[in-house]
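To start, the structure under review is shown below, and the notes come after it.
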Amino acid sequence: MSFFPKISFQREVEEYLAKVFRNNELIAALGKQEVESKYQSLLSHLSHPPSFTTVRVNTHLASVKHVKKLLFEEIQKQFKGLCVPVLEHPKLQDILLIPVIGPRQDLKKHASEVIVGAQCGYAVLRGAHVYVPGIISTSRFMKAGDLVSVYSDIEGKCKRGAKEFEGVKVFLGNGISELSRSEIFSSSGPLNGLGIRMIEPVYLSPSFDNVLPGHLFLQNLPSVVVSHILNPQPGERILDMCAAPGGKTTHLATLMHDQGEVIAMDKIAKKVKKIKQNAELLQLNCIKAFCYDGTKALSVEKREDEQEGPPFLPESFDRVLLDAPCSGMGQRPNMAYSLTLKEVTSYQPLQRKLFTVAVKLLKPGGVLVYSTCTITLSENEEQVAWALKTFPCLQLQPQEPHIGGEGMRGAGLSLDQLKLLQRFDPAAVTLHGMDINSLQDSREDDLISLANKDCIGFFIAKFIKSNSK
């Protein structure tokens, strides 16, 4: 059941993707019809939000049971007594899952309209309210307290401050305006703060604005899986190469019971500041964050200074996480993907530079986990094939927990190798909505199974570096 149109791409990107998902290896294994059906299903899924909101509990400060009780009470308050369960995951014992109700197709649209940018729109579909920076246009006479219908300008065509917009827009639900049109768009008006409080979103998800901030971290399910697969141990030295905004960094520190050292790097200063803020908020002291380009993090000679930051000597780390910069095509919801083909294909060489540094910084016997939030072969399975050929010291390892599917055919990897990889494919389940009645009739096991599959597109590979040089 597709509520929104399929994701749209620039023509050359669409042609590129069609070749990837209709490759000869796939067609030989599954047949043309099955391959085409899976590809079309993927395009539909990407424009819709996942079926569950996933939050990671900061087990450094509180137990999952305690936070689950607090969260259940908060959601009841937000949803005005509507009984939506908070589920524990049997294999990921530090996360909680909240089913998303929707799409709700019976909402009445109001005459007063607010147009928001695409990114703001995606956040609204996952439970956020509308903040002033996300508002592009409102109806001419909108006042504070008005009931308004909120739409997303998915193609970015609406002019800021416009009084009406006839372009492509997607209905996100209804809300109450906190400010008048003149307050939002006056030159001295508020640049931040709440603009529209959503009261009838198309997809009903809890808002996490200032909800248990030291106890919860909003994180997609596959992103939580990554840290468990790296499996850091207390006392080890861990490198998170491309760490912002710090979700995985703080998770690694928590799994280590805040004992040892987690070095987090990112080359954008503002993002490094965010990592430090998240570490402080979650009260984790073993994290050291540095503003540094990961491709330059290897030092060829020993330095005399005792500086603890990058660059680092070879074989400095017990484990390395390379959650690589990527084309981000697995993110959901996304209705109009804006990158050009040149931009999409620019990530593979950058990932290889970072991967080469990661291998050199890893101690013999150490573990390297490579992950992306994209769906292409070139950034995922092709990178694994390249890595195994380029670095004879690396061996693919089984992953625990293994919740997603196996790797995708098309990069020349063997079936045994594909089974060791983990690819979260949003199209692995049929796209369907959830209402409160179907939710209450569902078995918990079935809901967990749905949460495992209906998430963002993601890829994980785990390697061990052999002791032989």
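The chains in the structure tokens are called A, B, ... from first to last as shown; in each chain the residues are counted from 1, and the ligands are counted from 1 in the order shown.
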
What are the closest atom pairs, with distances in Å to one decimal, for each residue of region 53-120 of chain A lying within 9 Å of region 281-303 of chain A, using only C-alpha atoms, rows by chain and rising residue number, as a Markdown table?
```
| residue | atom | partner | partner_atom | distance |
| --- | --- | --- | --- | --- |
| A:Asn58 | CA | A:Leu282 | CA | 6.9 |
| A:His60 | CA | A:Leu282 | CA | 7.9 |
| A:Leu61 | CA | A:Leu282 | CA | 7.6 |
```

Near-region 97-105 of chain A list (6 Å; only C-alpha atoms; drop same-chain fewer than 2 positions) as a list in words: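 Everything that qualifies: Ser51, Phe52, Thr53, Thr54, Val86, Leu87, Leu107, Val202, Tyr203, Leu204, Ser205, Gly433, Met434 and Asp435 of chain A.
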
Got time to write the residues from that selection, N, CA, C and O atoms, as an mmCIF file, in the first residue's frame?
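After the write, selection-v3.cif holds the following:
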```
data_model
loop_
_atom_site.group_PDB
_atom_site.id
_atom_site.type_symbol
_atom_site.label_atom_id
_atom_site.label_comp_id
_atom_site.auth_asym_id
_atom_site.auth_seq_id
_atom_site.Cartn_x
_atom_site.Cartn_y
_atom_site.Cartn_z
ATOM 1 N N SER A 51 8.411 1.465 9.922
ATOM 2 C CA SER A 51 7.229 1.135 10.729
ATOM 3 C C SER A 51 7.418 1.353 12.226
ATOM 4 O O SER A 51 6.456 1.258 12.986
ATOM 5 N N PHE A 52 8.661 1.575 12.648
ATOM 6 C CA PHE A 52 8.926 1.723 14.082
ATOM 7 C C PHE A 52 9.885 2.882 14.329
ATOM 8 O O PHE A 52 10.774 3.158 13.519
ATOM 9 N N THR A 53 9.694 3.538 15.470
ATOM 10 C CA THR A 53 10.687 4.471 15.979
ATOM 11 C C THR A 53 11.577 3.681 16.932
ATOM 12 O O THR A 53 11.074 2.961 17.804
ATOM 13 N N THR A 54 12.888 3.790 16.750
ATOM 14 C CA THR A 54 13.835 3.054 17.602
ATOM 15 C C THR A 54 14.585 4.033 18.490
ATOM 16 O O THR A 54 15.124 5.028 18.000
ATOM 17 N N VAL A 86 5.376 -0.188 24.027
ATOM 18 C CA VAL A 86 6.820 0.033 23.905
ATOM 19 C C VAL A 86 7.449 -1.350 24.028
ATOM 20 O O VAL A 86 7.282 -2.035 25.047
ATOM 21 N N LEU A 87 8.133 -1.789 22.971
ATOM 22 C CA LEU A 87 8.636 -3.173 22.916
ATOM 23 C C LEU A 87 10.133 -3.242 23.185
ATOM 24 O O LEU A 87 10.899 -2.386 22.728
ATOM 25 N N LEU A 107 -7.800 12.207 7.540
ATOM 26 C CA LEU A 107 -7.602 13.542 8.116
ATOM 27 C C LEU A 107 -8.193 14.613 7.204
ATOM 28 O O LEU A 107 -7.983 14.594 5.989
ATOM 29 N N VAL A 202 0.121 12.665 9.675
ATOM 30 C CA VAL A 202 -0.253 11.507 8.848
ATOM 31 C C VAL A 202 0.310 10.226 9.461
ATOM 32 O O VAL A 202 -0.353 9.186 9.473
ATOM 33 N N TYR A 203 1.552 10.292 9.970
ATOM 34 C CA TYR A 203 2.151 9.167 10.690
ATOM 35 C C TYR A 203 2.328 9.589 12.146
ATOM 36 O O TYR A 203 3.023 10.559 12.435
ATOM 37 N N LEU A 204 1.709 8.856 13.046
ATOM 38 C CA LEU A 204 1.747 9.206 14.456
ATOM 39 C C LEU A 204 2.948 8.534 15.125
ATOM 40 O O LEU A 204 2.962 7.326 15.339
ATOM 41 N N SER A 205 3.959 9.341 15.416
ATOM 42 C CA SER A 205 5.154 8.884 16.139
ATOM 43 C C SER A 205 5.362 9.840 17.309
ATOM 44 O O SER A 205 5.050 11.018 17.192
ATOM 45 N N GLY A 433 0.306 -0.149 6.129
ATOM 46 C CA GLY A 433 0.122 0.768 7.243
ATOM 47 C C GLY A 433 -0.234 0.024 8.516
ATOM 48 O O GLY A 433 -0.445 -1.183 8.522
ATOM 49 N N MET A 434 -0.250 0.780 9.630
ATOM 50 C CA MET A 434 -0.611 0.181 10.899
ATOM 51 C C MET A 434 -1.618 1.087 11.604
ATOM 52 O O MET A 434 -1.358 2.269 11.783
ATOM 53 N N ASP A 435 -2.777 0.528 11.950
ATOM 54 C CA ASP A 435 -3.700 1.302 12.770
ATOM 55 C C ASP A 435 -3.753 0.673 14.157
ATOM 56 O O ASP A 435 -3.189 -0.390 14.391
#
```

Å distance separating CA of Asn231 (chain A) from CA of Leu255 (chain A), one decimal place: 7.5 Å

Expected answer as JSON, numbers by chain: strand (DSSP E) residues in region 39-275 of chain A: {"A": [52, 53, 54, 55, 56, 57, 87, 88, 95, 96, 97, 98, 99, 113, 114, 115, 116, 117, 130, 131, 135, 136, 137, 138, 147, 148, 149, 150, 151, 152, 153, 170, 171, 172, 173, 174, 175, 176, 177, 194, 195, 196, 197, 198, 199, 200, 201, 216, 217, 218, 237, 238, 239, 240, 261, 262, 263, 264, 265, 266]}

Would you list, as a PDB file with N, CA and C atoms, in the first residue's frame, the residues of region 376-436 of chain A that end up in helix (DSSP H, G or I) under DSSP run on this structure's backbone?
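Full text of out_35.pdb as output:
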```pdb
ATOM      1  N   GLU A 381      28.896  -4.008  -1.378  1.00  0.00           N
ATOM      2  CA  GLU A 381      29.520  -5.295  -1.736  1.00  0.00           C
ATOM      3  C   GLU A 381      30.773  -5.133  -2.590  1.00  0.00           C
ATOM      4  N   GLU A 382      30.778  -4.148  -3.501  1.00  0.00           N
ATOM      5  CA  GLU A 382      31.996  -3.925  -4.315  1.00  0.00           C
ATOM      6  C   GLU A 382      33.173  -3.510  -3.443  1.00  0.00           C
ATOM      7  N   GLN A 383      32.891  -2.763  -2.399  1.00  0.00           N
ATOM      8  CA  GLN A 383      33.967  -2.354  -1.487  1.00  0.00           C
ATOM      9  C   GLN A 383      34.529  -3.562  -0.738  1.00  0.00           C
ATOM     10  N   VAL A 384      33.665  -4.492  -0.388  1.00  0.00           N
ATOM     11  CA  VAL A 384      34.120  -5.710   0.291  1.00  0.00           C
ATOM     12  C   VAL A 384      35.007  -6.533  -0.643  1.00  0.00           C
ATOM     13  N   ALA A 385      34.566  -6.705  -1.893  1.00  0.00           N
ATOM     14  CA  ALA A 385      35.356  -7.465  -2.880  1.00  0.00           C
ATOM     15  C   ALA A 385      36.725  -6.803  -3.072  1.00  0.00           C
ATOM     16  N   TRP A 386      36.731  -5.468  -3.187  1.00  0.00           N
ATOM     17  CA  TRP A 386      37.985  -4.714  -3.337  1.00  0.00           C
ATOM     18  C   TRP A 386      38.885  -4.893  -2.104  1.00  0.00           C
ATOM     19  N   ALA A 387      38.308  -4.809  -0.917  1.00  0.00           N
ATOM     20  CA  ALA A 387      39.083  -4.905   0.326  1.00  0.00           C
ATOM     21  C   ALA A 387      39.749  -6.273   0.466  1.00  0.00           C
ATOM     22  N   LEU A 388      38.999  -7.330   0.152  1.00  0.00           N
ATOM     23  CA  LEU A 388      39.550  -8.686   0.292  1.00  0.00           C
ATOM     24  C   LEU A 388      40.695  -8.918  -0.699  1.00  0.00           C
ATOM     25  N   LYS A 389      40.585  -8.291  -1.870  1.00  0.00           N
ATOM     26  CA  LYS A 389      41.631  -8.425  -2.894  1.00  0.00           C
ATOM     27  C   LYS A 389      42.857  -7.573  -2.547  1.00  0.00           C
ATOM     28  N   THR A 390      42.605  -6.373  -2.004  1.00  0.00           N
ATOM     29  CA  THR A 390      43.677  -5.401  -1.752  1.00  0.00           C
ATOM     30  C   THR A 390      44.445  -5.708  -0.472  1.00  0.00           C
ATOM     31  N   LEU A 415      28.567 -16.996  -2.575  1.00  0.00           N
ATOM     32  CA  LEU A 415      27.375 -17.069  -1.729  1.00  0.00           C
ATOM     33  C   LEU A 415      27.756 -17.133  -0.257  1.00  0.00           C
ATOM     34  N   ASP A 416      28.859 -17.839   0.051  1.00  0.00           N
ATOM     35  CA  ASP A 416      29.322 -17.909   1.453  1.00  0.00           C
ATOM     36  C   ASP A 416      29.740 -16.529   1.955  1.00  0.00           C
ATOM     37  N   GLN A 417      30.393 -15.764   1.087  1.00  0.00           N
ATOM     38  CA  GLN A 417      30.792 -14.405   1.482  1.00  0.00           C
ATOM     39  C   GLN A 417      29.569 -13.507   1.680  1.00  0.00           C
ATOM     40  N   LEU A 418      28.592 -13.628   0.786  1.00  0.00           N
ATOM     41  CA  LEU A 418      27.376 -12.812   0.903  1.00  0.00           C
ATOM     42  C   LEU A 418      26.631 -13.091   2.207  1.00  0.00           C
ATOM     43  N   LYS A 419      26.681 -14.357   2.650  1.00  0.00           N
ATOM     44  CA  LYS A 419      25.994 -14.720   3.897  1.00  0.00           C
ATOM     45  C   LYS A 419      26.638 -14.075   5.122  1.00  0.00           C
ATOM     46  N   LEU A 420      27.912 -13.732   5.014  1.00  0.00           N
ATOM     47  CA  LEU A 420      28.612 -13.088   6.135  1.00  0.00           C
ATOM     48  C   LEU A 420      28.317 -11.590   6.220  1.00  0.00           C
ATOM     49  N   PRO A 426      14.929  -2.218   2.834  1.00  0.00           N
ATOM     50  CA  PRO A 426      13.577  -1.777   3.200  1.00  0.00           C
ATOM     51  C   PRO A 426      12.474  -2.529   2.472  1.00  0.00           C
ATOM     52  N   ALA A 427      12.787  -3.086   1.289  1.00  0.00           N
ATOM     53  CA  ALA A 427      11.753  -3.782   0.508  1.00  0.00           C
ATOM     54  C   ALA A 427      11.593  -5.252   0.924  1.00  0.00           C
ATOM     55  N   ALA A 428      12.218  -5.642   2.048  1.00  0.00           N
ATOM     56  CA  ALA A 428      12.149  -7.047   2.478  1.00  0.00           C
ATOM     57  C   ALA A 428      10.764  -7.421   3.004  1.00  0.00           C
ATOM     58  N   ILE A 436      -4.431   1.337  15.062  1.00  0.00           N
ATOM     59  CA  ILE A 436      -4.404   0.894  16.463  1.00  0.00           C
ATOM     60  C   ILE A 436      -5.035  -0.485  16.620  1.00  0.00           C
TER      61      ILE A 436
END
```

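Going from CA of Lys109 (chain A) over to CA of Tyr131 (chain A), you cover 20.4 Å.
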
Got a sec: who's within 9 Å of region 45-48 of chain A, counting only C-alpha atoms, leaving out chain neighbours fewer than 2 positions off, as an MDAnalysis selection string? chainID A and resid 2:8 40:43 50:51 125 329:336 426:427 430:431 454 456:457

Pick the closest to Arg237 (chain A) from A:Gly260, A:Pro222, A:Gly175, A:Pro85: which is it, counting only C-alpha atoms? A:Gly260

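Closest approach to Gly365 (chain A) from the set A:Leu92, A:Ala264, A:Ile464, A:Met256 is made by A:Ile464, with distances taken over only C-alpha atoms.
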
Nearest to Ser316 (chain A), chosen from A:Glu379, A:Glu406, A:Glu236, A:Glu444, with only C-alpha atoms counted in the distances: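 Of all the options, A:Glu236 lies closest to Ser316 (chain A).
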
Residues near Val67 (chain A), anyone? I mean within 9 Å using only C-alpha atoms, not counting same-chain ones fewer than 3 positions away, as an MDAnalysis selection string. chainID A and resid 57 62:64 70:72 212 215:216

How far is it from CA of Leu230 (chain A) to CA of Glu315 (chain A), in Å with one decimal?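 Computed distance, CA of Leu230 (chain A) to CA of Glu315 (chain A), equals 16.9 Å.
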
I need the residue nearest Ala118 (chain A) from this list: A:Gly134, A:Pro401, A:Pro245, A:Pro49. Use only C-alpha atoms for the distance.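 Selected residue with least distance to Ala118 (chain A): A:Gly134.
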
Would you please work out which residue, of A:Met142, A:His432, A:Arg319, A:Ser378, is nearest to Ala358 (chain A) when using only C-alpha atoms?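 For Ala358 (chain A), the nearest of the given residues is A:Arg319.
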